[in-house]
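Okay, upload.cif now, which holds mmCIF, C-alpha atoms:
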```
data_protein
#
loop_
_atom_site.group_PDB
_atom_site.id
_atom_site.type_symbol
_atom_site.label_atom_id
_atom_site.label_comp_id
_atom_site.auth_asym_id
_atom_site.auth_seq_id
_atom_site.Cartn_x
_atom_site.Cartn_y
_atom_site.Cartn_z
ATOM 1 C CA MET A 1 0.000 0.000 0.000
ATOM 2 C CA ASP A 2 2.914 2.336 0.679
ATOM 3 C CA SER A 3 3.913 2.187 -2.993
ATOM 4 C CA ILE A 4 0.609 3.785 -4.068
ATOM 5 C CA PHE A 5 0.811 7.508 -4.724
ATOM 6 C CA HIS A 6 -2.073 9.160 -2.903
ATOM 7 C CA GLU A 7 -2.224 12.948 -2.897
ATOM 8 C CA LYS A 8 -4.562 14.415 -0.273
ATOM 9 C CA GLY A 9 -6.023 17.879 0.197
ATOM 10 C CA SER A 10 -8.665 20.299 -1.021
ATOM 11 C CA LEU A 11 -7.362 20.889 -4.576
ATOM 12 C CA CYS A 12 -9.346 17.893 -5.743
ATOM 13 C CA ALA A 13 -8.907 18.351 -9.518
ATOM 14 C CA GLN A 14 -5.115 18.444 -9.179
ATOM 15 C CA HIS A 15 -5.149 15.511 -6.713
ATOM 16 C CA CYS A 16 -7.484 13.550 -8.988
ATOM 17 C CA LEU A 17 -5.116 13.872 -11.963
ATOM 18 C CA ASN A 18 -1.955 13.153 -9.990
ATOM 19 C CA ASN A 19 -3.502 10.133 -8.266
ATOM 20 C CA LEU A 20 -4.591 8.846 -11.665
ATOM 21 C CA LEU A 21 -1.118 9.287 -13.150
ATOM 22 C CA GLN A 22 0.564 8.193 -9.877
ATOM 23 C CA GLY A 23 2.904 11.148 -9.523
ATOM 24 C CA GLU A 24 3.202 14.909 -9.068
ATOM 25 C CA TYR A 25 2.533 15.721 -12.707
ATOM 26 C CA PHE A 26 0.237 18.747 -12.380
ATOM 27 C CA THR A 27 0.282 21.835 -10.162
ATOM 28 C CA PRO A 28 -2.461 24.450 -9.641
ATOM 29 C CA VAL A 29 -0.467 26.772 -11.909
ATOM 30 C CA ASP A 30 -0.523 24.211 -14.725
ATOM 31 C CA LEU A 31 -4.265 23.747 -14.483
ATOM 32 C CA SER A 32 -4.868 27.495 -14.180
ATOM 33 C CA SER A 33 -2.894 28.008 -17.374
ATOM 34 C CA ILE A 34 -5.100 25.494 -19.202
ATOM 35 C CA ALA A 35 -8.222 27.167 -17.784
ATOM 36 C CA HIS A 36 -7.070 30.639 -18.935
ATOM 37 C CA GLN A 37 -6.355 29.237 -22.379
ATOM 38 C CA LEU A 38 -9.864 27.791 -22.579
ATOM 39 C CA ASP A 39 -11.336 31.095 -21.380
ATOM 40 C CA GLU A 40 -9.476 32.942 -24.122
ATOM 41 C CA GLU A 41 -10.683 30.514 -26.783
ATOM 42 C CA GLU A 42 -14.270 30.990 -25.595
ATOM 43 C CA ARG A 43 -13.828 34.775 -25.608
ATOM 44 C CA MET A 44 -12.561 34.713 -29.186
ATOM 45 C CA ARG A 45 -15.528 32.624 -30.305
ATOM 46 C CA MET A 46 -17.931 35.039 -28.610
ATOM 47 C CA ALA A 47 -16.135 37.980 -30.259
ATOM 48 C CA GLU A 48 -16.894 36.547 -33.684
ATOM 49 C CA GLY A 49 -20.499 37.614 -33.157
ATOM 50 C CA GLY A 50 -19.392 41.209 -32.631
ATOM 51 C CA MET A 51 -17.437 42.729 -29.763
ATOM 52 C CA GLY A 52 -20.148 45.344 -29.329
ATOM 53 C CA SER A 53 -22.946 42.814 -28.979
ATOM 54 C CA GLU A 54 -24.897 42.394 -25.746
ATOM 55 C CA GLU A 55 -23.937 38.701 -25.591
ATOM 56 C CA TYR A 56 -20.232 39.513 -25.728
ATOM 57 C CA ARG A 57 -20.443 42.181 -23.021
ATOM 58 C CA THR A 58 -22.438 39.790 -20.811
ATOM 59 C CA PHE A 59 -19.823 37.078 -21.385
ATOM 60 C CA LEU A 60 -17.000 39.387 -20.270
ATOM 61 C CA GLN A 61 -18.828 40.212 -17.047
ATOM 62 C CA GLN A 62 -19.326 36.577 -16.086
ATOM 63 C CA PRO A 63 -16.705 34.668 -14.035
ATOM 64 C CA SER A 64 -14.700 31.896 -15.646
ATOM 65 C CA GLY A 65 -16.563 28.663 -16.193
ATOM 66 C CA ASN A 66 -13.335 26.676 -16.183
ATOM 67 C CA MET A 67 -11.978 27.542 -12.734
ATOM 68 C CA ASP A 68 -12.739 29.453 -9.564
ATOM 69 C CA ASP A 69 -10.988 30.655 -6.402
ATOM 70 C CA SER A 70 -11.802 27.458 -4.503
ATOM 71 C CA GLY A 71 -9.511 25.385 -6.736
ATOM 72 C CA PHE A 72 -12.284 23.883 -8.866
ATOM 73 C CA PHE A 73 -11.508 23.113 -12.511
ATOM 74 C CA SER A 74 -13.998 22.119 -15.207
ATOM 75 C CA ILE A 75 -14.201 18.859 -17.142
ATOM 76 C CA GLN A 76 -12.700 20.718 -20.111
ATOM 77 C CA VAL A 77 -9.573 21.495 -18.053
ATOM 78 C CA ILE A 78 -9.343 17.864 -16.902
ATOM 79 C CA SER A 79 -9.809 16.596 -20.447
ATOM 80 C CA ASN A 80 -7.175 18.941 -21.920
ATOM 81 C CA ALA A 81 -4.711 18.031 -19.170
ATOM 82 C CA LEU A 82 -5.117 14.311 -19.934
ATOM 83 C CA ARG A 83 -4.688 14.811 -23.660
ATOM 84 C CA VAL A 84 -1.075 15.743 -22.914
ATOM 85 C CA TRP A 85 -0.619 12.079 -21.935
ATOM 86 C CA GLY A 86 -2.670 10.733 -24.826
ATOM 87 C CA LEU A 87 -5.629 9.895 -22.575
ATOM 88 C CA GLU A 88 -9.291 10.385 -23.403
ATOM 89 C CA LEU A 89 -12.463 10.565 -21.323
ATOM 90 C CA ILE A 90 -15.693 8.745 -22.185
ATOM 91 C CA LEU A 91 -18.887 9.229 -20.187
ATOM 92 C CA PHE A 92 -19.604 5.941 -18.413
ATOM 93 C CA ASN A 93 -23.395 5.988 -18.848
ATOM 94 C CA SER A 94 -23.368 7.251 -22.442
ATOM 95 C CA ARG A 95 -25.005 5.124 -25.143
ATOM 96 C CA GLU A 96 -21.696 4.952 -26.955
ATOM 97 C CA TYR A 97 -19.955 3.303 -24.025
ATOM 98 C CA GLN A 98 -22.859 1.176 -22.785
ATOM 99 C CA SER A 99 -23.242 -0.322 -26.247
ATOM 100 C CA LEU A 100 -19.729 -1.754 -25.881
ATOM 101 C CA MET A 101 -20.911 -3.972 -22.988
ATOM 102 C CA ILE A 102 -17.547 -3.730 -21.219
ATOM 103 C CA ASN A 103 -17.240 -5.121 -17.704
ATOM 104 C CA PRO A 104 -15.947 -2.314 -15.437
ATOM 105 C CA ILE A 105 -13.231 -4.573 -13.951
ATOM 106 C CA ASN A 106 -11.649 -4.758 -17.411
ATOM 107 C CA GLU A 107 -11.077 -0.999 -17.529
ATOM 108 C CA LYS A 108 -7.999 0.802 -16.198
ATOM 109 C CA ALA A 109 -9.412 3.767 -14.326
ATOM 110 C CA PHE A 110 -12.400 6.023 -13.741
ATOM 111 C CA ILE A 111 -12.690 9.700 -12.867
ATOM 112 C CA CYS A 112 -15.719 10.740 -10.818
ATOM 113 C CA ASN A 113 -17.185 14.216 -10.425
ATOM 114 C CA TYR A 114 -19.976 15.614 -8.287
ATOM 115 C CA LYS A 115 -20.440 19.379 -8.218
ATOM 116 C CA GLU A 116 -16.962 20.690 -7.368
ATOM 117 C CA HIS A 117 -15.324 17.443 -6.258
ATOM 118 C CA TRP A 118 -13.167 15.142 -8.386
ATOM 119 C CA PHE A 119 -11.581 11.835 -7.482
ATOM 120 C CA THR A 120 -9.980 8.801 -9.137
ATOM 121 C CA ILE A 121 -10.691 5.082 -9.032
ATOM 122 C CA ARG A 122 -7.765 3.188 -10.510
ATOM 123 C CA LYS A 123 -6.646 -0.380 -11.097
ATOM 124 C CA LEU A 124 -3.109 -1.126 -9.905
ATOM 125 C CA GLY A 125 -1.847 -4.616 -10.625
ATOM 126 C CA GLN A 126 -4.975 -6.757 -10.432
ATOM 127 C CA GLN A 127 -6.750 -4.744 -7.735
ATOM 128 C CA TRP A 128 -8.906 -1.621 -7.678
ATOM 129 C CA PHE A 129 -8.382 1.347 -5.363
ATOM 130 C CA ASN A 130 -10.426 4.393 -4.441
ATOM 131 C CA LEU A 131 -7.892 7.253 -4.486
ATOM 132 C CA ASN A 132 -10.229 9.957 -3.215
ATOM 133 C CA SER A 133 -8.126 12.865 -1.926
ATOM 134 C CA LEU A 134 -10.531 13.317 0.999
ATOM 135 C CA LEU A 135 -9.556 9.901 2.412
ATOM 136 C CA THR A 136 -6.632 9.345 4.759
ATOM 137 C CA GLY A 137 -5.256 6.708 2.379
ATOM 138 C CA PRO A 138 -6.082 4.468 -0.625
ATOM 139 C CA GLU A 139 -9.169 2.294 -0.198
ATOM 140 C CA LEU A 140 -9.114 -1.240 -1.592
ATOM 141 C CA ILE A 141 -12.164 -2.130 -3.725
ATOM 142 C CA SER A 142 -12.930 -5.743 -4.582
ATOM 143 C CA ASP A 143 -13.863 -6.735 -8.126
ATOM 144 C CA THR A 144 -17.334 -7.763 -7.012
ATOM 145 C CA TYR A 145 -17.907 -4.434 -5.257
ATOM 146 C CA LEU A 146 -16.611 -2.207 -8.091
ATOM 147 C CA ALA A 147 -19.799 -2.316 -10.182
ATOM 148 C CA LEU A 148 -21.929 -1.707 -7.076
ATOM 149 C CA PHE A 149 -19.702 1.214 -6.064
ATOM 150 C CA LEU A 150 -20.030 2.835 -9.498
ATOM 151 C CA ALA A 151 -23.815 2.337 -9.449
ATOM 152 C CA GLN A 152 -23.985 3.892 -5.975
ATOM 153 C CA LEU A 153 -21.996 6.921 -7.141
ATOM 154 C CA GLN A 154 -24.354 7.391 -10.085
ATOM 155 C CA GLN A 155 -27.356 7.296 -7.749
ATOM 156 C CA GLU A 156 -25.709 9.976 -5.621
ATOM 157 C CA GLY A 157 -25.418 12.230 -8.679
ATOM 158 C CA TYR A 158 -21.805 11.634 -9.707
ATOM 159 C CA SER A 159 -20.717 11.848 -13.338
ATOM 160 C CA ILE A 160 -18.317 8.988 -14.093
ATOM 161 C CA PHE A 161 -15.782 9.042 -16.912
ATOM 162 C CA VAL A 162 -13.835 6.073 -18.243
ATOM 163 C CA ILE A 163 -10.132 6.616 -18.916
ATOM 164 C CA GLN A 164 -8.999 5.309 -22.292
ATOM 165 C CA GLY A 165 -5.360 5.162 -23.339
ATOM 166 C CA ASN A 166 -2.095 3.979 -21.845
ATOM 167 C CA LEU A 167 -1.352 5.332 -18.378
ATOM 168 C CA PRO A 168 2.298 6.106 -17.547
ATOM 169 C CA GLU A 169 4.262 3.379 -15.762
ATOM 170 C CA CYS A 170 4.505 3.650 -12.002
ATOM 171 C CA GLU A 171 6.092 1.858 -9.060
ATOM 172 C CA ALA A 172 2.766 0.741 -7.582
ATOM 173 C CA GLU A 173 1.757 -0.932 -10.845
ATOM 174 C CA GLN A 174 5.014 -2.953 -10.883
ATOM 175 C CA ILE A 175 4.841 -3.993 -7.213
ATOM 176 C CA LEU A 176 1.119 -4.818 -7.142
ATOM 177 C CA GLY A 177 1.533 -6.688 -10.417
ATOM 178 C CA ILE A 178 3.445 -9.435 -8.599
ATOM 179 C CA MET A 179 1.651 -9.388 -5.244
ATOM 180 C CA ARG A 180 -1.805 -8.668 -3.898
ATOM 181 C CA VAL A 181 -2.512 -6.534 -0.882
ATOM 182 C CA GLN A 182 -4.964 -6.975 1.945
ATOM 183 C CA GLN A 183 -6.433 -4.040 3.827
ATOM 184 C CA GLN A 184 -7.160 -4.690 7.485
ATOM 185 C CA GLN A 185 -8.700 -1.296 8.182
ATOM 186 C CA ARG A 186 -10.425 1.016 5.740
ATOM 187 C CA PRO A 187 -9.233 4.634 5.569
ATOM 188 C CA ARG A 188 -11.336 7.375 7.137
ATOM 189 C CA LEU A 189 -12.360 10.740 5.813
ATOM 190 C CA ILE A 190 -9.778 13.409 6.585
ATOM 191 C CA GLY A 191 -10.736 15.173 9.812
ATOM 192 C CA GLU A 192 -12.988 12.356 10.992
ATOM 193 C CA ASP A 193 -10.425 11.126 13.568
ATOM 194 C CA GLU A 194 -9.942 14.649 14.904
ATOM 195 C CA ALA A 195 -13.689 15.138 15.163
ATOM 196 C CA GLN A 196 -14.075 11.883 17.075
ATOM 197 C CA THR A 197 -11.114 12.721 19.314
ATOM 198 C CA SER A 198 -12.560 16.163 20.022
ATOM 199 C CA SER A 199 -15.944 14.593 20.731
ATOM 200 C CA GLY A 200 -14.307 12.063 23.037
ATOM 201 C CA ARG A 201 -12.503 14.809 24.912
ATOM 202 C CA SER A 202 -15.747 16.741 25.304
ATOM 203 C CA VAL A 203 -17.492 13.661 26.677
ATOM 204 C CA ALA A 204 -14.569 13.019 29.025
ATOM 205 C CA ARG A 205 -14.635 16.626 30.209
ATOM 206 C CA GLY A 206 -18.387 16.345 30.743
ATOM 207 C CA GLN A 207 -17.919 13.182 32.768
ATOM 208 C CA MET A 208 -15.203 14.840 34.847
ATOM 209 C CA ASP A 209 -17.504 17.816 35.466
ATOM 210 C CA VAL A 210 -20.284 15.473 36.588
ATOM 211 C CA VAL A 211 -17.911 13.614 38.916
ATOM 212 C CA SER A 212 -16.599 16.931 40.225
ATOM 213 C CA ASP A 213 -20.126 18.214 40.843
ATOM 214 C CA GLU A 214 -21.039 14.977 42.587
ATOM 215 C CA ALA A 215 -17.903 15.215 44.725
ATOM 216 C CA VAL A 216 -18.801 18.785 45.707
ATOM 217 C CA ASP A 217 -22.334 17.688 46.576
ATOM 218 C CA ASP A 218 -20.946 14.820 48.662
ATOM 219 C CA ASP A 219 -18.639 17.224 50.514
ATOM 220 C CA GLU A 220 -21.520 19.586 51.248
ATOM 221 C CA GLU A 221 -23.708 16.750 52.492
ATOM 222 C CA LEU A 222 -20.870 15.484 54.710
ATOM 223 C CA LYS A 223 -20.389 18.939 56.188
ATOM 224 C CA ARG A 224 -24.107 19.248 56.910
ATOM 225 C CA ALA A 225 -24.153 15.783 58.490
ATOM 226 C CA LEU A 226 -21.195 16.637 60.724
ATOM 227 C CA ALA A 227 -22.821 19.920 61.761
ATOM 228 C CA LEU A 228 -26.076 18.154 62.617
ATOM 229 C CA SER A 229 -24.122 15.529 64.532
ATOM 230 C CA ARG A 230 -22.337 18.196 66.548
ATOM 231 C CA GLN A 231 -25.645 19.940 67.250
ATOM 232 C CA GLU A 232 -27.184 16.671 68.407
ATOM 233 C CA MET A 233 -24.193 16.039 70.688
ATOM 234 C CA ASP A 234 -24.519 19.553 72.150
ATOM 235 C CA VAL A 235 -28.216 19.018 72.764
ATOM 236 C CA GLU A 236 -27.484 15.686 74.417
ATOM 237 C CA ASP A 237 -24.836 17.364 76.618
ATOM 238 C CA GLU A 238 -27.307 20.100 77.582
ATOM 239 C CA GLU A 239 -29.988 17.594 78.441
ATOM 240 C CA ALA A 240 -27.540 15.499 80.510
ATOM 241 C CA ASP A 241 -26.339 18.563 82.466
ATOM 242 C CA LEU A 242 -29.900 19.658 83.057
ATOM 243 C CA ARG A 243 -30.897 16.201 84.308
ATOM 244 C CA ARG A 244 -27.922 16.186 86.686
ATOM 245 C CA ALA A 245 -28.803 19.688 87.939
ATOM 246 C CA ILE A 246 -32.422 18.669 88.556
ATOM 247 C CA GLN A 247 -31.257 15.529 90.334
ATOM 248 C CA LEU A 248 -28.945 17.568 92.566
ATOM 249 C CA SER A 249 -31.791 19.975 93.265
ATOM 250 C CA MET A 250 -34.060 17.137 94.306
ATOM 251 C CA GLN A 251 -31.348 15.685 96.502
ATOM 252 C CA GLY A 252 -30.831 19.071 98.158
ATOM 253 C CA SER A 253 -34.578 19.475 98.869
ATOM 254 C CA SER A 254 -34.759 16.094 100.604
ATOM 255 C CA THR A 255 -31.687 16.654 102.874
ATOM 256 C CA CYS A 256 -32.394 16.705 106.676
ATOM 257 C CA GLY A 257 -30.974 19.523 108.912
ATOM 258 C CA ASP A 258 -31.651 22.024 111.600
ATOM 259 C CA LYS A 259 -32.776 24.761 109.171
ATOM 260 C CA PRO A 260 -34.597 23.329 106.244
ATOM 261 C CA GLY A 261 -35.276 26.730 104.736
ATOM 262 C CA GLN A 262 -31.598 27.524 104.612
ATOM 263 C CA ASN A 263 -30.768 24.181 102.937
ATOM 264 C CA GLU A 264 -33.502 24.789 100.334
ATOM 265 C CA ALA A 265 -32.126 28.303 99.634
ATOM 266 C CA LEU A 266 -28.587 27.030 99.278
ATOM 267 C CA THR A 267 -29.697 24.240 96.958
ATOM 268 C CA ALA A 268 -31.542 26.669 94.705
ATOM 269 C CA GLU A 269 -28.517 28.975 94.632
ATOM 270 C CA GLU A 270 -26.257 26.069 93.804
ATOM 271 C CA LEU A 271 -28.598 25.050 91.005
ATOM 272 C CA ARG A 272 -28.633 28.600 89.634
ATOM 273 C CA LYS A 273 -24.818 28.795 89.712
ATOM 274 C CA ARG A 274 -24.444 25.449 88.022
ATOM 275 C CA ARG A 275 -26.849 26.429 85.249
ATOM 276 C CA GLN A 276 -25.152 29.797 84.833
ATOM 277 C CA ALA A 277 -21.705 28.137 84.635
ATOM 278 C CA TYR A 278 -23.048 25.752 81.981
ATOM 279 C CA PHE A 279 -24.435 28.574 79.831
ATOM 280 C CA ASP A 280 -21.184 30.474 80.238
ATOM 281 C CA ARG A 281 -19.298 27.449 78.855
#
```
Show how you would write the structure in this file as structure tokens.
Amino acid sequence: MDSIFHEKGSLCAQHCLNNLLQGEYFTPVDLSSIAHQLDEEERMRMAEGGMGSEEYRTFLQQPSGNMDDSGFFSIQVISNALRVWGLELILFNSREYQSLMINPINEKAFICNYKEHWFTIRKLGQQWFNLNSLLTGPELISDTYLALFLAQLQQEGYSIFVIQGNLPECEAEQILGIMRVQQQQRPRLIGEDEAQTSSGRSVARGQMDVVSDEAVDDDEELKRALALSRQEMDVEDEEADLRRAIQLSMQGSSTCGDKPGQNEALTAEELRKRRQAYFDR
């Protein structure tokens, strides 16, 4: 798998061509040059109807149909770029191609386009690979799944083009021509791992916050329990002291002596002092 050239990024037209050719053959500058050339040819054709015509002035005011600032390039740019290598594009679902009754596994490569995205499906050795630049790596496609994959792409709105002609030789073609590869894990979309990691971190942070909140609640409940316990102990101490004071008072009132009134007065005074000392504590 390491021998397969797989260019990744957002310049999908450039990556599509380079992944097809298995090398860094085209740059954005190269494709922009082709697009400008096509724009000039279209301008000259429009000028044939008169440079003062309303159609010509409207054409000049419109943006290029062959490229834009996002890095998109039209099918005309792709087609002209491949002609440099003697390669041609044929629409997969055209009557011309379907009448040939060719099994897709017998082709060499396909280029797929949906809106502004381009990617390549290519055969290397005896195996097919999805070389989409939005994937983290090449994706192995079995022969039995290839036709289903192409049909699925068509249902999703993709335009599929068959590559005809001899592709340049490459290292992956030589290596995979003598050995087959097995893919244990399919590649992911670029950014999917980061999104999952970020999501996992958010969940972990949320769990930590919940645990932290629970710990705070537990601490608060423990503090309240301890405070209640201390209050209960204080109440018990007060009740015990009061019971002892009342007991002493009763003992004092039942004591025999020469002057009962004096003993009763002293006992009451003692009780008052004891209670006062307790409240002072």
Exercise for the section: Name the residues that the PyMOL selection byres ((chain A and resi 164) around 12) pulls out of this structure, and write them as a list in words. Expected result: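 Selected by the PyMOL selection byres ((chain A and resi 164) around 12) here: Ser79, Leu82, Arg83, Trp85, Gly86, Leu87, Glu88, Leu89, Ile90, Leu91, Phe92, Tyr97, Asn106, Glu107, Lys108, Ala109, Phe110, Ile111, Phe161, Val162, Ile163, Gly165, Asn166 and Leu167 of chain A.
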So what does the PyMOL selection byres ((chain A and resi 66-76) around 12) actually pick up in this one, as a PyMOL selection string? chain A and resi 9-17+27-42+62-65+77-83+88-91+111-118+159-161
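Residue neighbourhood of A:Gly137, excluding near-sequence residues (fewer than 5 positions): His6, Leu131, Pro187 and Arg188 of chain A, at 8 Å, using all atoms listed in the file.
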* Given the file shown, determine the residues that the PyMOL selection byres ((chain A and resi 135) around 10) selects; report them as number ranges by chain. => A: 6-9, 130-134, 136-139, 186-192
Checklist entry - atom CA of A:Arg95 and atom CA of A:Ala151 are how many Å apart? => result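 Atom-to-atom, atom CA of A:Arg95 to atom CA of A:Ala151, that is 16.0 Å.
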Taken to one decimal, the atom CA of A:Ser94-atom CA of A:Tyr158 distance is 13.6 Å
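In this model, the gap between atom CA of A:Glu24 and atom CA of A:Ser3 comes to 14.1 Å.
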Of A:Gln98, A:Lys123, A:Leu140, A:Arg274, the one nearest to A:Gln174 when counting only C-alpha atoms is A:Lys123
Give me the box for stretch 83-86 of chain A as AutoDock Vina command-line options, namely the centre and edge lengths in Å to one decimal of a box along x, y and z that holds every listed atom plus 6 Å on each side.
```
--center_x -2.7 --center_y 13.2 --center_z -23.4 --size_x 16.1 --size_y 17.0 --size_z 14.9
```
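A cut-off of 9 Å from the point (-0.1, 6.9, -11.1), with all atoms listed in the file, picks out the residues A:Ile4, A:Phe5, A:His6, A:Leu17, A:Asn18, A:Asn19, A:Leu20, A:Leu21, A:Gln22, A:Gly23, A:Glu24, A:Arg122, A:Leu124, A:Leu167, A:Pro168, A:Glu169, A:Cys170, A:Glu171, A:Ala172, A:Glu173.
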Checklist line | Selected residue, from A:Gln126, A:Ser142, A:Leu150, A:Arg45, that lies nearest to A:Ile178 when counting only C-alpha atoms | finding: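 For A:Ile178, the nearest of the candidates is A:Gln126.
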Output as a PDB file, keeping the file's coordinate frame: stretch 116-136 of chain A, completed with N, CA, C and O atoms.
```pdb
ATOM      1  N   GLU A 116     -18.319  20.168  -7.258  1.00  0.00           N
ATOM      2  CA  GLU A 116     -16.962  20.690  -7.368  1.00  0.00           C
ATOM      3  C   GLU A 116     -15.899  19.687  -6.906  1.00  0.00           C
ATOM      4  O   GLU A 116     -14.742  20.063  -6.722  1.00  0.00           O
ATOM      5  N   HIS A 117     -16.291  18.439  -6.743  1.00  0.00           N
ATOM      6  CA  HIS A 117     -15.324  17.443  -6.258  1.00  0.00           C
ATOM      7  C   HIS A 117     -14.987  16.421  -7.341  1.00  0.00           C
ATOM      8  O   HIS A 117     -15.873  15.922  -8.038  1.00  0.00           O
ATOM      9  N   TRP A 118     -13.680  16.137  -7.451  1.00  0.00           N
ATOM     10  CA  TRP A 118     -13.167  15.142  -8.386  1.00  0.00           C
ATOM     11  C   TRP A 118     -12.361  14.101  -7.615  1.00  0.00           C
ATOM     12  O   TRP A 118     -11.645  14.436  -6.682  1.00  0.00           O
ATOM     13  N   PHE A 119     -12.491  12.833  -8.035  1.00  0.00           N
ATOM     14  CA  PHE A 119     -11.581  11.835  -7.482  1.00  0.00           C
ATOM     15  C   PHE A 119     -11.421  10.669  -8.466  1.00  0.00           C
ATOM     16  O   PHE A 119     -12.218  10.488  -9.387  1.00  0.00           O
ATOM     17  N   THR A 120     -10.369   9.878  -8.231  1.00  0.00           N
ATOM     18  CA  THR A 120      -9.980   8.801  -9.137  1.00  0.00           C
ATOM     19  C   THR A 120     -10.211   7.435  -8.524  1.00  0.00           C
ATOM     20  O   THR A 120      -9.985   7.230  -7.329  1.00  0.00           O
ATOM     21  N   ILE A 121     -10.663   6.503  -9.364  1.00  0.00           N
ATOM     22  CA  ILE A 121     -10.691   5.082  -9.032  1.00  0.00           C
ATOM     23  C   ILE A 121      -9.783   4.395 -10.048  1.00  0.00           C
ATOM     24  O   ILE A 121     -10.027   4.497 -11.253  1.00  0.00           O
ATOM     25  N   ARG A 122      -8.742   3.740  -9.569  1.00  0.00           N
ATOM     26  CA  ARG A 122      -7.765   3.188 -10.510  1.00  0.00           C
ATOM     27  C   ARG A 122      -7.415   1.744 -10.176  1.00  0.00           C
ATOM     28  O   ARG A 122      -7.399   1.346  -9.014  1.00  0.00           O
ATOM     29  N   LYS A 123      -7.104   0.999 -11.238  1.00  0.00           N
ATOM     30  CA  LYS A 123      -6.646  -0.380 -11.097  1.00  0.00           C
ATOM     31  C   LYS A 123      -5.120  -0.386 -11.073  1.00  0.00           C
ATOM     32  O   LYS A 123      -4.466   0.178 -11.957  1.00  0.00           O
ATOM     33  N   LEU A 124      -4.564  -0.993 -10.047  1.00  0.00           N
ATOM     34  CA  LEU A 124      -3.109  -1.126  -9.905  1.00  0.00           C
ATOM     35  C   LEU A 124      -2.807  -2.606  -9.720  1.00  0.00           C
ATOM     36  O   LEU A 124      -3.283  -3.225  -8.757  1.00  0.00           O
ATOM     37  N   GLY A 125      -2.028  -3.174 -10.636  1.00  0.00           N
ATOM     38  CA  GLY A 125      -1.847  -4.616 -10.625  1.00  0.00           C
ATOM     39  C   GLY A 125      -3.152  -5.269 -11.036  1.00  0.00           C
ATOM     40  O   GLY A 125      -3.698  -4.988 -12.100  1.00  0.00           O
ATOM     41  N   GLN A 126      -3.697  -6.112 -10.167  1.00  0.00           N
ATOM     42  CA  GLN A 126      -4.975  -6.757 -10.432  1.00  0.00           C
ATOM     43  C   GLN A 126      -6.053  -6.313  -9.447  1.00  0.00           C
ATOM     44  O   GLN A 126      -7.091  -6.958  -9.329  1.00  0.00           O
ATOM     45  N   GLN A 127      -5.811  -5.198  -8.752  1.00  0.00           N
ATOM     46  CA  GLN A 127      -6.750  -4.744  -7.735  1.00  0.00           C
ATOM     47  C   GLN A 127      -7.149  -3.287  -7.966  1.00  0.00           C
ATOM     48  O   GLN A 127      -6.377  -2.491  -8.509  1.00  0.00           O
ATOM     49  N   TRP A 128      -8.370  -2.970  -7.519  1.00  0.00           N
ATOM     50  CA  TRP A 128      -8.906  -1.621  -7.678  1.00  0.00           C
ATOM     51  C   TRP A 128      -8.781  -0.835  -6.373  1.00  0.00           C
ATOM     52  O   TRP A 128      -8.906  -1.396  -5.283  1.00  0.00           O
ATOM     53  N   PHE A 129      -8.557   0.485  -6.531  1.00  0.00           N
ATOM     54  CA  PHE A 129      -8.382   1.347  -5.363  1.00  0.00           C
ATOM     55  C   PHE A 129      -9.143   2.656  -5.559  1.00  0.00           C
ATOM     56  O   PHE A 129      -9.119   3.249  -6.649  1.00  0.00           O
ATOM     57  N   ASN A 130      -9.798   3.073  -4.487  1.00  0.00           N
ATOM     58  CA  ASN A 130     -10.426   4.393  -4.441  1.00  0.00           C
ATOM     59  C   ASN A 130      -9.369   5.372  -3.943  1.00  0.00           C
ATOM     60  O   ASN A 130      -8.927   5.286  -2.804  1.00  0.00           O
ATOM     61  N   LEU A 131      -8.968   6.309  -4.808  1.00  0.00           N
ATOM     62  CA  LEU A 131      -7.892   7.253  -4.486  1.00  0.00           C
ATOM     63  C   LEU A 131      -8.451   8.652  -4.204  1.00  0.00           C
ATOM     64  O   LEU A 131      -7.830   9.661  -4.555  1.00  0.00           O
ATOM     65  N   ASN A 132      -9.591   8.687  -3.574  1.00  0.00           N
ATOM     66  CA  ASN A 132     -10.229   9.957  -3.215  1.00  0.00           C
ATOM     67  C   ASN A 132      -9.296  10.768  -2.320  1.00  0.00           C
ATOM     68  O   ASN A 132      -8.804  10.269  -1.300  1.00  0.00           O
ATOM     69  N   SER A 133      -9.050  12.016  -2.685  1.00  0.00           N
ATOM     70  CA  SER A 133      -8.126  12.865  -1.926  1.00  0.00           C
ATOM     71  C   SER A 133      -8.667  13.263  -0.568  1.00  0.00           C
ATOM     72  O   SER A 133      -7.931  13.830   0.252  1.00  0.00           O
ATOM     73  N   LEU A 134      -9.944  12.993  -0.304  1.00  0.00           N
ATOM     74  CA  LEU A 134     -10.531  13.317   0.999  1.00  0.00           C
ATOM     75  C   LEU A 134     -10.376  12.164   1.991  1.00  0.00           C
ATOM     76  O   LEU A 134     -10.763  12.298   3.154  1.00  0.00           O
ATOM     77  N   LEU A 135      -9.810  11.037   1.536  1.00  0.00           N
ATOM     78  CA  LEU A 135      -9.556   9.901   2.412  1.00  0.00           C
ATOM     79  C   LEU A 135      -8.149   9.976   2.976  1.00  0.00           C
ATOM     80  O   LEU A 135      -7.238  10.561   2.358  1.00  0.00           O
ATOM     81  N   THR A 136      -7.955   9.341   4.134  1.00  0.00           N
ATOM     82  CA  THR A 136      -6.632   9.345   4.759  1.00  0.00           C
ATOM     83  C   THR A 136      -5.652   8.453   4.024  1.00  0.00           C
ATOM     84  O   THR A 136      -4.438   8.548   4.247  1.00  0.00           O
TER      85      THR A 136
END
```
